[in-house]
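A.B. asks: Pasting input-v2.txt here (compact mmCIF, C-alpha atoms and all ligand atoms):
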```txt
# COMPACT_ATOMS: atom_id res chain seq x y z
CA MET A 14 117.64 126.06 151.61
CA SER A 15 120.32 124.47 153.77
CA ARG A 16 120.83 125.77 157.29
CA LEU A 17 124.20 127.24 156.37
CA THR A 18 122.85 128.98 153.24
CA GLU A 19 120.06 130.51 155.33
CA ALA A 20 122.56 131.68 157.93
CA LYS A 21 124.90 133.16 155.31
CA LYS A 22 122.05 135.03 153.68
CA ALA A 23 120.64 136.38 156.95
CA VAL A 24 124.04 137.46 158.30
CA SER A 25 125.11 139.13 155.06
CA ALA A 26 121.97 141.30 155.19
CA LEU A 27 123.18 142.51 158.60
CA VAL A 28 126.76 143.36 157.60
CA PRO A 29 126.36 147.16 157.41
CA ALA A 30 124.48 147.42 160.73
CA ALA A 31 126.76 145.04 162.65
CA SER A 32 129.90 146.59 161.21
CA ALA A 33 128.70 150.02 162.35
CA ILE A 34 128.07 148.66 165.87
CA SER A 35 131.55 147.15 166.01
CA ARG A 36 133.19 150.41 164.91
CA ARG A 37 131.13 152.64 167.18
CA ILE A 38 132.03 150.56 170.23
CA PHE A 39 135.66 150.41 169.10
CA GLU A 40 135.85 154.21 168.82
CA LYS A 41 134.60 154.68 172.36
CA PRO A 42 136.44 152.16 174.56
CA GLU A 43 134.98 151.82 178.07
CA LEU A 44 136.48 150.00 181.04
CA ASN A 45 135.00 147.36 183.37
CA PHE A 46 131.51 148.28 184.61
CA GLU A 47 131.59 151.64 182.78
CA GLU A 48 130.38 150.42 179.37
CA VAL A 49 127.45 152.84 179.29
CA PHE A 50 127.78 153.81 175.63
CA ALA A 51 128.18 150.22 174.40
CA ALA A 52 125.24 148.92 176.46
CA GLU A 53 123.08 151.78 175.19
CA ALA A 54 124.11 151.28 171.54
CA LEU A 55 123.36 147.55 171.76
CA THR A 56 120.03 147.78 173.58
CA GLU A 57 118.90 150.44 171.10
CA ALA A 58 119.84 148.22 168.15
CA PHE A 59 118.10 145.15 169.61
CA SER A 60 115.03 147.13 170.54
CA ALA A 61 114.75 148.35 166.93
CA GLU A 62 114.81 144.68 165.84
CA GLY A 63 111.87 143.81 168.09
CA PHE A 64 113.76 142.36 171.06
CA LYS A 65 112.43 143.04 174.55
CA ILE A 66 115.02 144.81 176.67
CA ARG A 67 115.82 144.22 180.32
CA ARG A 68 118.28 146.74 181.64
CA GLY A 69 121.03 146.33 184.20
CA THR A 70 120.54 146.78 187.91
CA LYS A 71 121.87 149.61 190.01
CA LYS A 72 124.70 147.33 191.06
CA LEU A 73 125.47 146.27 187.49
CA LYS A 74 124.16 149.06 185.33
CA THR A 75 125.89 148.10 182.08
CA ALA A 76 124.47 144.57 181.95
CA PHE A 77 121.44 143.93 179.76
CA GLU A 78 119.24 141.28 178.23
CA ALA A 79 117.58 141.45 174.82
CA LYS A 80 114.94 138.75 174.53
CA TRP A 81 112.81 137.44 171.73
CA THR A 82 110.38 134.54 172.01
CA GLY A 83 109.00 132.77 168.95
CA ASN A 84 107.48 129.77 170.70
CA LYS A 85 107.27 130.00 174.46
CA ASN A 86 107.37 126.22 174.84
CA GLY A 87 110.73 126.01 173.13
CA PRO A 88 114.17 125.98 174.79
CA THR A 89 116.11 129.08 175.86
CA VAL A 90 119.42 129.79 174.20
CA ALA A 91 121.67 132.72 175.09
CA ILE A 92 124.18 134.48 172.89
CA LEU A 93 126.65 136.40 175.05
CA ALA A 94 127.88 139.89 174.25
CA GLU A 95 130.99 141.35 175.89
CA TYR A 96 131.92 144.99 175.25
CA ASP A 97 134.47 146.13 177.81
CA ALA A 98 137.87 147.50 176.80
CA LEU A 99 141.34 147.44 178.36
CA PRO A 100 143.12 150.27 180.20
CA ASN A 101 145.30 152.42 177.88
CA ILE A 102 145.10 150.07 174.90
CA GLY A 103 141.35 150.23 174.16
CA HIS A 104 139.68 147.35 172.35
CA ALA A 105 142.86 145.29 171.99
CA CYS A 106 140.88 142.19 172.98
CA GLY A 107 138.29 142.89 170.29
CA HIS A 108 135.18 142.83 172.47
CA ASN A 109 133.63 145.28 170.00
CA MET A 110 133.54 142.27 167.66
CA ILE A 111 131.97 140.01 170.29
CA ALA A 112 129.16 142.56 170.63
CA ALA A 113 128.73 142.98 166.87
CA SER A 114 128.76 139.24 166.16
CA ALA A 115 126.19 138.70 168.92
CA PHE A 116 123.98 141.31 167.25
CA ALA A 117 124.34 139.82 163.76
CA SER A 118 123.78 136.23 164.97
CA ALA A 119 120.80 136.95 167.22
CA VAL A 120 118.95 139.03 164.62
CA ALA A 121 119.76 136.43 161.95
CA VAL A 122 118.38 133.58 164.13
CA LYS A 123 115.20 135.56 164.79
CA ARG A 124 114.70 136.26 161.06
CA ILE A 125 115.40 132.65 160.02
CA LEU A 126 113.31 130.82 162.62
CA GLY A 127 110.47 133.20 163.36
CA GLU A 128 107.77 131.30 165.25
CA LYS A 129 109.95 128.16 165.26
CA CYS A 130 112.38 129.89 167.59
CA GLY A 131 112.14 129.24 171.33
CA THR A 132 113.36 131.99 173.65
CA LEU A 133 116.43 133.69 172.28
CA LYS A 134 118.36 135.89 174.68
CA VAL A 135 121.31 138.12 174.08
CA ILE A 136 122.89 138.59 177.46
CA GLY A 137 125.15 141.62 177.70
CA THR A 138 127.89 140.73 180.18
CA PRO A 139 130.08 143.65 181.28
CA ALA A 140 133.55 143.59 182.80
CA GLU A 141 135.12 140.40 181.46
CA GLU A 142 138.63 141.86 181.67
CA GLY A 143 139.11 141.29 185.39
CA GLY A 144 135.81 142.55 186.80
CA GLY A 145 133.97 139.24 186.66
CA GLY A 146 130.67 140.64 185.40
CA LYS A 147 129.31 137.16 184.66
CA LEU A 148 129.91 136.10 188.28
CA TYR A 149 127.55 138.78 189.54
CA MET A 150 125.05 137.95 186.81
CA ILE A 151 125.09 134.22 187.67
CA LYS A 152 124.47 135.13 191.32
CA ASP A 153 121.65 137.51 190.39
CA GLY A 154 119.87 134.87 188.31
CA TRP A 155 120.33 136.27 184.77
CA PHE A 156 121.13 132.78 183.47
CA LYS A 157 118.24 130.97 185.17
CA GLY A 158 116.40 128.81 182.65
CA VAL A 159 119.11 129.17 179.98
CA ASP A 160 119.71 125.81 178.27
CA ALA A 161 122.92 126.79 176.48
CA ALA A 162 125.13 129.87 176.18
CA LEU A 163 127.44 130.69 173.29
CA MET A 164 129.68 133.50 172.08
CA VAL A 165 132.58 133.97 169.67
CA HIS A 166 135.85 135.74 170.45
CA PRO A 167 138.45 137.20 168.05
CA ALA A 168 141.92 135.63 168.22
CA ASN A 169 144.98 134.87 166.09
CA ARG A 170 143.69 131.47 164.97
CA ASN A 171 140.40 129.64 164.47
CA ARG A 172 139.50 127.18 167.19
CA ALA A 173 136.04 125.81 168.00
CA ILE A 174 136.91 124.06 171.26
CA ALA A 175 139.30 125.63 173.75
CA ARG A 176 139.55 125.27 177.50
CA MET A 177 140.51 128.10 179.86
CA LEU A 178 142.34 128.25 183.17
CA ALA A 179 140.95 129.00 186.59
CA VAL A 180 142.61 132.11 187.97
CA MET A 181 142.82 133.89 191.31
CA GLU A 182 144.64 137.09 192.22
CA LEU A 183 146.48 137.00 195.52
CA GLU A 184 148.37 139.69 197.35
CA PHE A 185 151.01 138.87 199.94
CA LYS A 186 151.86 141.60 202.43
CA PHE A 187 154.96 141.16 204.57
CA TYR A 188 155.46 143.22 207.71
CA GLY A 189 158.98 143.54 209.15
CA LYS A 190 160.77 146.20 211.19
CA ALA A 191 162.50 149.34 209.93
CA SER A 192 166.04 150.10 210.99
CA HIS A 193 169.17 151.97 209.82
CA ALA A 194 170.47 149.82 206.98
CA ALA A 195 174.15 150.55 207.73
CA ALA A 196 174.40 151.35 211.46
CA HIS A 197 171.81 148.88 212.84
CA PRO A 198 170.75 146.32 210.19
CA ASP A 199 170.69 143.69 212.96
CA LYS A 200 167.82 145.57 214.63
CA GLY A 201 165.64 145.36 211.48
CA ILE A 202 163.40 142.71 209.94
CA ASN A 203 163.63 142.92 206.17
CA ALA A 204 160.22 142.61 204.48
CA LEU A 205 161.74 142.89 200.99
CA ASP A 206 163.81 139.78 201.71
CA ALA A 207 160.55 137.97 202.37
CA VAL A 208 159.23 139.01 198.93
CA ILE A 209 162.48 137.97 197.22
CA THR A 210 162.41 134.64 199.07
CA LEU A 211 158.80 134.18 197.97
CA PHE A 212 159.73 134.66 194.29
CA ASN A 213 162.65 132.27 194.65
CA THR A 214 160.66 129.53 196.36
CA ILE A 215 157.86 129.84 193.78
CA ASN A 216 160.46 129.51 191.04
CA ALA A 217 161.89 126.42 192.74
CA MET A 218 158.37 124.98 193.00
CA ARG A 219 157.62 125.33 189.27
CA GLN A 220 159.11 121.95 188.39
CA GLN A 221 156.54 120.21 190.60
CA THR A 222 153.42 121.97 189.34
CA PRO A 223 150.67 120.26 187.30
CA ASN A 224 150.76 120.62 183.51
CA PHE A 225 149.32 123.84 182.07
CA SER A 226 149.34 125.57 185.50
CA ARG A 227 150.65 129.11 185.72
CA VAL A 228 151.85 131.42 188.45
CA HIS A 229 153.16 134.88 187.73
CA GLY A 230 153.62 137.95 189.88
CA ILE A 231 154.95 141.44 190.41
CA ILE A 232 156.40 143.30 193.39
CA THR A 233 153.91 146.00 194.34
CA HIS A 234 155.99 147.51 197.15
CA GLY A 235 159.66 146.92 197.75
CA GLY A 236 160.65 149.45 200.40
CA ASP A 237 161.01 153.21 200.66
CA ALA A 238 164.74 154.02 200.60
CA PRO A 239 167.95 151.97 200.34
CA ASN A 240 169.16 153.21 203.74
CA ILE A 241 166.07 151.90 205.56
CA ILE A 242 165.54 148.18 206.15
CA PRO A 243 162.09 147.78 204.49
CA GLU A 244 159.43 147.38 207.13
CA PHE A 245 156.77 146.61 204.53
CA ALA A 246 156.89 144.85 201.16
CA SER A 247 154.20 143.25 199.03
CA ALA A 248 153.68 141.23 195.87
CA LYS A 249 150.71 140.31 193.71
CA PHE A 250 150.37 136.98 191.94
CA PHE A 251 147.96 135.33 189.56
CA VAL A 252 147.64 131.60 190.22
CA ARG A 253 146.10 129.46 187.47
CA GLY A 254 145.16 125.83 186.90
CA ILE A 255 143.32 123.93 184.19
CA THR A 256 141.04 122.02 186.58
CA VAL A 257 139.60 123.02 189.93
CA SER A 258 141.80 120.46 191.71
CA ASP A 259 144.99 121.62 189.90
CA PHE A 260 144.10 125.19 190.74
CA GLU A 261 143.54 124.35 194.41
CA MET A 262 146.83 122.49 194.53
CA MET A 263 148.64 125.51 193.00
CA LEU A 264 146.98 127.86 195.45
CA LYS A 265 148.06 125.73 198.40
CA LYS A 266 151.64 125.51 197.15
CA VAL A 267 151.95 129.26 196.54
CA ILE A 268 150.48 130.12 199.94
CA THR A 269 152.89 127.65 201.57
CA CYS A 270 155.78 129.42 199.78
CA ALA A 271 154.61 132.74 201.22
CA LYS A 272 154.32 131.31 204.74
CA GLY A 273 157.80 129.85 204.38
CA ALA A 274 159.21 133.20 203.21
CA ALA A 275 157.66 134.93 206.20
CA GLN A 276 159.05 132.36 208.60
CA ALA A 277 162.52 132.44 207.07
CA THR A 278 162.77 136.21 207.38
CA GLY A 279 160.86 136.72 210.63
CA CYS A 280 158.14 138.78 208.96
CA ARG A 281 154.44 138.75 209.65
CA LEU A 282 152.37 137.75 206.60
CA LYS A 283 148.94 138.88 205.51
CA THR A 284 147.39 137.09 202.53
CA VAL A 285 144.61 138.83 200.61
CA LYS A 286 142.64 136.70 198.15
CA ASN A 287 140.62 138.57 195.53
CA PRO A 288 137.07 137.23 196.05
CA ILE A 289 136.36 137.50 192.29
CA PHE A 290 138.06 134.48 190.79
CA TYR A 291 137.46 132.68 187.53
CA LEU A 292 136.79 128.95 187.41
CA PRO A 293 138.16 126.79 184.57
CA PHE A 294 136.20 126.95 181.32
CA GLU A 295 134.85 123.56 180.25
CA PRO A 296 133.68 123.83 176.64
CA ASN A 297 130.62 121.83 175.67
CA ARG A 298 132.13 119.57 173.01
CA THR A 299 128.77 118.56 171.56
CA MET A 300 128.12 122.19 170.63
CA GLY A 301 131.79 122.61 169.73
CA LYS A 302 131.69 119.84 167.14
CA VAL A 303 128.61 121.27 165.42
CA PHE A 304 130.09 124.77 165.49
CA LYS A 305 133.36 123.44 164.08
CA GLY A 306 131.54 121.83 161.16
CA TYR A 307 129.87 125.14 160.25
CA MET A 308 133.04 127.13 160.97
CA GLU A 309 135.06 125.08 158.52
CA ALA A 310 132.24 125.08 155.97
CA VAL A 311 132.28 128.90 155.87
CA GLY A 312 136.05 128.89 155.39
CA LEU A 313 137.42 129.36 158.91
CA LYS A 314 139.88 126.47 158.94
CA ASP A 315 140.76 125.23 162.42
CA GLY A 316 144.25 126.43 163.32
CA GLY A 317 145.23 123.07 164.84
CA VAL A 318 146.15 124.51 168.26
CA ALA A 319 145.29 121.97 170.97
CA GLU A 320 142.42 122.88 173.28
CA ASN A 321 144.64 123.14 176.36
CA LEU A 322 147.43 125.26 174.82
CA GLU A 323 147.77 129.04 174.50
CA ILE A 324 144.86 129.69 176.83
CA GLY A 325 144.02 132.41 179.32
CA SER A 326 141.10 132.75 181.69
CA SER A 327 137.62 134.27 181.50
CA ASP A 328 134.52 134.68 183.60
CA ILE A 329 132.72 132.38 181.14
CA GLY A 330 134.60 129.68 183.10
CA ASN A 331 132.19 130.20 186.00
CA LEU A 332 129.24 130.16 183.62
CA SER A 333 130.39 126.89 182.02
CA GLN A 334 130.10 125.28 185.47
CA VAL A 335 126.35 126.05 185.60
CA VAL A 336 125.21 126.15 181.93
CA PRO A 337 126.51 124.28 178.83
CA ALA A 338 128.73 126.89 177.17
CA LEU A 339 130.88 127.43 174.11
CA HIS A 340 133.53 130.10 173.45
CA PRO A 341 135.08 129.52 170.00
CA GLU A 342 137.84 131.74 168.62
CA PHE A 343 137.95 133.21 165.13
CA CYS A 344 141.08 134.44 163.43
CA VAL A 345 141.40 138.17 162.74
CA SER A 346 145.19 138.51 162.67
CA ASP A 347 148.49 136.86 161.75
CA PRO A 348 149.57 134.07 164.12
CA GLU A 349 152.27 136.20 165.79
CA VAL A 350 149.82 139.03 166.60
CA VAL A 351 148.24 138.24 169.97
CA ASN A 352 145.30 139.65 171.94
CA HIS A 353 146.01 142.69 174.14
CA SER A 354 148.67 144.01 171.72
CA ARG A 355 148.79 147.19 169.60
CA ASP A 356 148.74 145.16 166.37
CA PHE A 357 145.70 143.20 167.52
CA LEU A 358 143.97 146.52 168.12
CA LYS A 359 144.35 147.26 164.40
CA ALA A 360 143.14 143.78 163.45
CA VAL A 361 139.79 144.10 165.22
CA VAL A 362 138.66 146.84 162.86
CA SER A 363 140.45 145.56 159.75
CA LYS A 364 138.63 144.36 156.63
CA LYS A 365 140.13 140.91 157.01
CA GLY A 366 139.10 140.82 160.68
CA GLU A 367 135.54 141.82 159.92
CA GLY A 368 135.32 139.22 157.17
CA ALA A 369 136.22 136.54 159.73
CA MET A 370 133.81 138.03 162.26
CA PHE A 371 130.87 137.62 159.87
CA LYS A 372 131.91 134.06 159.05
CA ALA A 373 132.04 133.28 162.78
CA ALA A 374 128.65 134.95 163.22
CA THR A 375 127.30 132.74 160.42
CA ALA A 376 128.57 129.57 162.12
CA LEU A 377 127.10 130.81 165.41
CA THR A 378 123.75 131.53 163.75
CA ALA A 379 123.56 128.04 162.22
CA THR A 380 124.55 126.38 165.54
CA VAL A 381 121.95 128.34 167.54
CA CYS A 382 119.26 127.55 164.94
CA ASP A 383 120.11 123.85 165.33
CA LEU A 384 119.79 124.11 169.12
CA PHE A 385 116.25 125.43 168.66
CA THR A 386 115.13 123.05 165.94
CA LYS A 387 116.92 119.78 166.65
CA PRO A 388 115.77 118.44 170.06
CA GLU A 389 118.21 115.52 169.88
CA PHE A 390 121.10 117.99 169.55
CA LEU A 391 120.08 119.94 172.66
CA LYS A 392 119.49 116.64 174.47
CA ALA A 393 123.07 115.57 173.68
CA VAL A 394 124.37 118.97 174.83
CA ARG A 395 122.51 118.58 178.11
CA SER A 396 123.62 115.01 178.72
CA GLU A 397 127.29 115.93 178.10
CA PHE A 398 126.90 118.73 180.61
CA ALA A 399 125.23 116.46 183.17
CA SER A 400 128.07 113.96 182.91
ZN ZN A 501 141.20 139.99 176.91
ZN ZN A 502 138.63 139.04 175.54
```
Could you spell out this file's structure in structure tokens?
C.D. replies:
Amino acid sequence: MSRLTEAKKAVSALVPAASAISRRIFEKPELNFEEVFAAEALTEAFSAEGFKIRRGTKKLKTAFEAKWTGNKNGPTVAILAEYDALPNIGHACGHNMIAASAFASAVAVKRILGEKCGTLKVIGTPAEEGGGGKLYMIKDGWFKGVDAALMVHPANRNRAIARMLAVMELEFKFYGKASHAAAHPDKGINALDAVITLFNTINAMRQQTPNFSRVHGIITHGGDAPNIIPEFASAKFFVRGITVSDFEMMLKKVITCAKGAAQATGCRLKTVKNPIFYLPFEPNRTMGKVFKGYMEAVGLKDGGVAENLEIGSSDIGNLSQVVPALHPEFCVSDPEVVNHSRDFLKAVVSKKGEGAMFKAATALTATVCDLFTKPEFLKAVRSEFAS
């Protein structure tokens, strides 16, 4: 039997169980670090399939690992499961499907390879949507000894190889001096003017930013009343770049804009950098090419969107800097329906969406099986990563 036929057969036997997992997690959306139900549902399901469970720590209670070893001298491959939801809009990023496809693929790999499997780990990584769960897990050693890490993510097109942007959240706080806005404006220092100047200088800077970079912000405090010169104003920005050096350049430029705005208005500036920031995601193209072959063979035609277009950011970026990683997208919706929208929320439990999810899980199964059984493939993955 060909690898793909084996994968198709094994995954299709898991359709009812994986579909139930996807729907149960969907029905009970949980935010960053609070995914207690999802982590419990998944560890229970893996335990029933003979995987050995390692639970989260006190610090990171909704993380988990489900491990199965066929041959202890073989390599270690991790399939990643995300299962956090978004505020107000639930599973509009479809992480219920990431969890369900991880379940279907991991169990399928175990059933196909048996003793020929090395160490297969499903690593449950909480809080992708802003919490940076993987960052804590990298630091705490969950990925030590992992030779490759893969996952699949629902989207509005199929794409095996996509990059992602580094991102940092910054808050700029401007301190001025309150005064009567009509009788004594000359005695005040206007902190809101500093924020407005900041937005204007960032907008002027856009023309000189590296390709694919992004900077976008909101005003988080703009004053208290129109008849008081604002003594305090603040703004939050996300700064993004496609490489570490582009990102650092963007960060420097934006901070310079803020310093300039403070100087121009006479305000004092405090800059607060969120310590949890995502590095750029570098897909392992060797794994990507193999996955793409299987993806297209099961009928998920690549959508033709370039790897550096229409991309966001994820904590798998940080992981891709320490372990060869792959994060392909599979299409569950029409092209105009995007992640984090109400229509996407419907797509991640639709029949069409689930059909695509099982095809993606099949391609993932076949790719992971190859990593275990074809040493030259894993060697190529490693040497790409090393370079
Ligand atoms: Zn998302
Ligand atoms: Zn997502």
A.B. asks: Closest to ligand ZN 501 (chain A) among A:Lys129, A:His108, A:Lys365, A:Lys85, using only C-alpha atoms and all ligand atoms?
C.D. replies: A:His108
A.B. asks: Can you tell me how far CA of Val311 in chain A sits from CA of Pro388 in chain A, in Å to one decimal?
C.D. replies: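 So the two atoms, CA of Val311 in chain A and CA of Pro388 in chain A, lie 24.2 Å apart.
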A.B. asks: Near Thr75 in chain A, within 10 Å and counting all atoms listed in the file, which residues show up once chain neighbours fewer than 2 positions away are dropped, as a PDB file with C-alpha atoms, in the frame of the given file?
C.D. replies:
```
ATOM      1  CA  ASN A  45     135.000 147.360 183.370  1.00  0.00           C
ATOM      2  CA  PHE A  46     131.510 148.280 184.610  1.00  0.00           C
ATOM      3  CA  GLU A  47     131.590 151.640 182.780  1.00  0.00           C
ATOM      4  CA  GLU A  48     130.380 150.420 179.370  1.00  0.00           C
ATOM      5  CA  VAL A  49     127.450 152.840 179.290  1.00  0.00           C
ATOM      6  CA  PHE A  50     127.780 153.810 175.630  1.00  0.00           C
ATOM      7  CA  ALA A  51     128.180 150.220 174.400  1.00  0.00           C
ATOM      8  CA  ALA A  52     125.240 148.920 176.460  1.00  0.00           C
ATOM      9  CA  GLU A  53     123.080 151.780 175.190  1.00  0.00           C
ATOM     10  CA  ARG A  68     118.280 146.740 181.640  1.00  0.00           C
ATOM     11  CA  GLY A  69     121.030 146.330 184.200  1.00  0.00           C
ATOM     12  CA  THR A  70     120.540 146.780 187.910  1.00  0.00           C
ATOM     13  CA  LYS A  71     121.870 149.610 190.010  1.00  0.00           C
ATOM     14  CA  LYS A  72     124.700 147.330 191.060  1.00  0.00           C
ATOM     15  CA  LEU A  73     125.470 146.270 187.490  1.00  0.00           C
ATOM     16  CA  PHE A  77     121.440 143.930 179.760  1.00  0.00           C
ATOM     17  CA  TYR A  96     131.920 144.990 175.250  1.00  0.00           C
ATOM     18  CA  ASP A  97     134.470 146.130 177.810  1.00  0.00           C
ATOM     19  CA  GLY A 137     125.150 141.620 177.700  1.00  0.00           C
ATOM     20  CA  THR A 138     127.890 140.730 180.180  1.00  0.00           C
ATOM     21  CA  PRO A 139     130.080 143.650 181.280  1.00  0.00           C
ATOM     22  CA  ALA A 140     133.550 143.590 182.800  1.00  0.00           C
ATOM     23  CA  GLY A 146     130.670 140.640 185.400  1.00  0.00           C
TER      24      GLY A 146
END
```
A.B. asks: Select, from A:Phe156, A:Phe343, A:Phe212, A:Phe59, the residue with the minimum atom-to-atom distance to ligand ZN 502 (chain A), counting all atoms listed in the file.
C.D. replies: A:Phe343
A.B. asks: Using Å and a single decimal, report how far CA of Asp347 in chain A sits from CA of Asn171 in chain A.
C.D. replies: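 We find that CA of Asn171 in chain A and CA of Asp347 in chain A lie 11.2 Å from each other.
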A.B. asks: Find the residues near ligand ZN 502 (chain A). Use a cut-off of 10 Å, count only C-alpha atoms and all ligand atoms, and write them as a compact mmCIF listing (two decimals) with C-alpha atoms, in the frame of the given file.
C.D. replies:
```
# COMPACT_ATOMS: atom_id res chain seq x y z
CA GLU A 95 130.99 141.35 175.89
CA TYR A 96 131.92 144.99 175.25
CA ASP A 97 134.47 146.13 177.81
CA ALA A 98 137.87 147.50 176.80
CA LEU A 99 141.34 147.44 178.36
CA HIS A 104 139.68 147.35 172.35
CA ALA A 105 142.86 145.29 171.99
CA CYS A 106 140.88 142.19 172.98
CA GLY A 107 138.29 142.89 170.29
CA HIS A 108 135.18 142.83 172.47
CA ASN A 109 133.63 145.28 170.00
CA MET A 110 133.54 142.27 167.66
CA ILE A 111 131.97 140.01 170.29
CA ALA A 140 133.55 143.59 182.80
CA GLU A 141 135.12 140.40 181.46
CA GLU A 142 138.63 141.86 181.67
CA VAL A 165 132.58 133.97 169.67
CA HIS A 166 135.85 135.74 170.45
CA PRO A 167 138.45 137.20 168.05
CA ALA A 168 141.92 135.63 168.22
CA GLY A 325 144.02 132.41 179.32
CA SER A 326 141.10 132.75 181.69
CA SER A 327 137.62 134.27 181.50
CA ASN A 352 145.30 139.65 171.94
CA HIS A 353 146.01 142.69 174.14
```
A.B. asks: My list of candidates is A:Pro296, A:Gly131, A:Gly201, A:Pro100. Which is closest to ligand ZN 501 (chain A) when distances are computed with only C-alpha atoms and all ligand atoms?
C.D. replies: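 Looking only at the distances to ligand ZN 501 (chain A), the closest residue turns out to be A:Pro100.
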A.B. asks: Phe290 in chain A: which residues within 9 Å, counting only C-alpha atoms, same-chain residues fewer than 5 positions away excluded, as a PyMOL selection string?
C.D. replies: chain A and resi 143+145+148+179-182+328+331
A.B. asks: Using all atoms listed in the file, find the one residue out of A:Val208, A:Leu178, A:Ala248, A:Ala112 that sits nearest to Met263 in chain A.
C.D. replies: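 Among the listed residues, the smallest separation from Met263 in chain A belongs to A:Leu178.
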A.B. asks: Skip range 215-224 of chain A itself and residues of its chain fewer than 3 positions away, then list as a list of chain:residue names all residues within 9 Å of it, counting all atoms listed in the file.
C.D. replies: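 Surrounding residues, per the criterion: A:Thr210, A:Leu211, A:Phe212, A:Arg227, A:Val228, A:Gly254, A:Ile255, A:Asp259, A:Phe260, A:Met262, A:Met263, A:Lys266, A:Val267, A:Cys270, A:Ala271.
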A.B. asks: Between A:Thr380, A:Ser396, A:Ser354, A:Asn86, which residue has the minimum interatomic distance to ligand ZN 501 (chain A), considering all atoms listed in the file?
C.D. replies: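 Looking only at the distances to ligand ZN 501 (chain A), the closest residue turns out to be A:Ser354.
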A.B. asks: A:Ala175, A:Ala162, A:Val303, A:Val351: which is nearest ligand ZN 501 (chain A), counting only C-alpha atoms and all ligand atoms?
C.D. replies: A:Val351
A.B. asks: So what do you get for CA of Ser35 in chain A versus CA of Ala113 in chain A, distance-wise?
C.D. replies: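 Rounded to one decimal, the two atoms are 5.1 Å apart.
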A.B. asks: Could you write range 131-146 of chain A as a compact mmCIF listing (two decimals), in the coordinates of the input, with N, CA and C atoms rebuilt where they are missing?
C.D. replies:
```
# COMPACT_ATOMS: atom_id res chain seq x y z
N GLY A 131 112.57 129.23 169.93
CA GLY A 131 112.14 129.24 171.33
C GLY A 131 112.39 130.63 171.89
N THR A 132 112.99 130.68 173.08
CA THR A 132 113.36 131.99 173.65
C THR A 132 114.84 132.25 173.38
N LEU A 133 115.07 133.31 172.64
CA LEU A 133 116.43 133.69 172.28
C LEU A 133 116.81 134.91 173.11
N LYS A 134 117.93 134.77 173.85
CA LYS A 134 118.36 135.89 174.68
C LYS A 134 119.75 136.32 174.26
N VAL A 135 119.94 137.61 174.15
CA VAL A 135 121.31 138.12 174.08
C VAL A 135 121.57 138.67 175.46
N ILE A 136 122.58 138.12 176.12
CA ILE A 136 122.89 138.59 177.46
C ILE A 136 124.18 139.41 177.39
N GLY A 137 124.03 140.68 177.72
CA GLY A 137 125.15 141.62 177.70
C GLY A 137 125.90 141.51 179.02
N THR A 138 127.14 141.01 178.96
CA THR A 138 127.89 140.73 180.18
C THR A 138 129.08 141.67 180.30
N PRO A 139 128.99 142.68 181.16
CA PRO A 139 130.08 143.65 181.28
C PRO A 139 131.30 143.07 182.02
N ALA A 140 132.39 143.82 181.92
CA ALA A 140 133.55 143.59 182.80
C ALA A 140 134.11 142.17 182.75
N GLU A 141 134.45 141.71 181.54
CA GLU A 141 135.12 140.40 181.46
C GLU A 141 136.59 140.53 181.82
N GLU A 142 137.17 141.69 181.49
CA GLU A 142 138.63 141.86 181.67
C GLU A 142 138.96 142.13 183.14
N GLY A 143 138.70 141.18 184.00
CA GLY A 143 139.11 141.29 185.39
C GLY A 143 137.99 141.63 186.37
N GLY A 144 136.88 142.15 185.87
CA GLY A 144 135.81 142.55 186.80
C GLY A 144 134.85 141.45 187.18
N GLY A 145 134.83 140.39 186.34
CA GLY A 145 133.97 139.24 186.66
C GLY A 145 132.48 139.53 186.57
N GLY A 146 132.08 140.29 185.57
CA GLY A 146 130.67 140.64 185.40
C GLY A 146 129.76 139.42 185.41
```
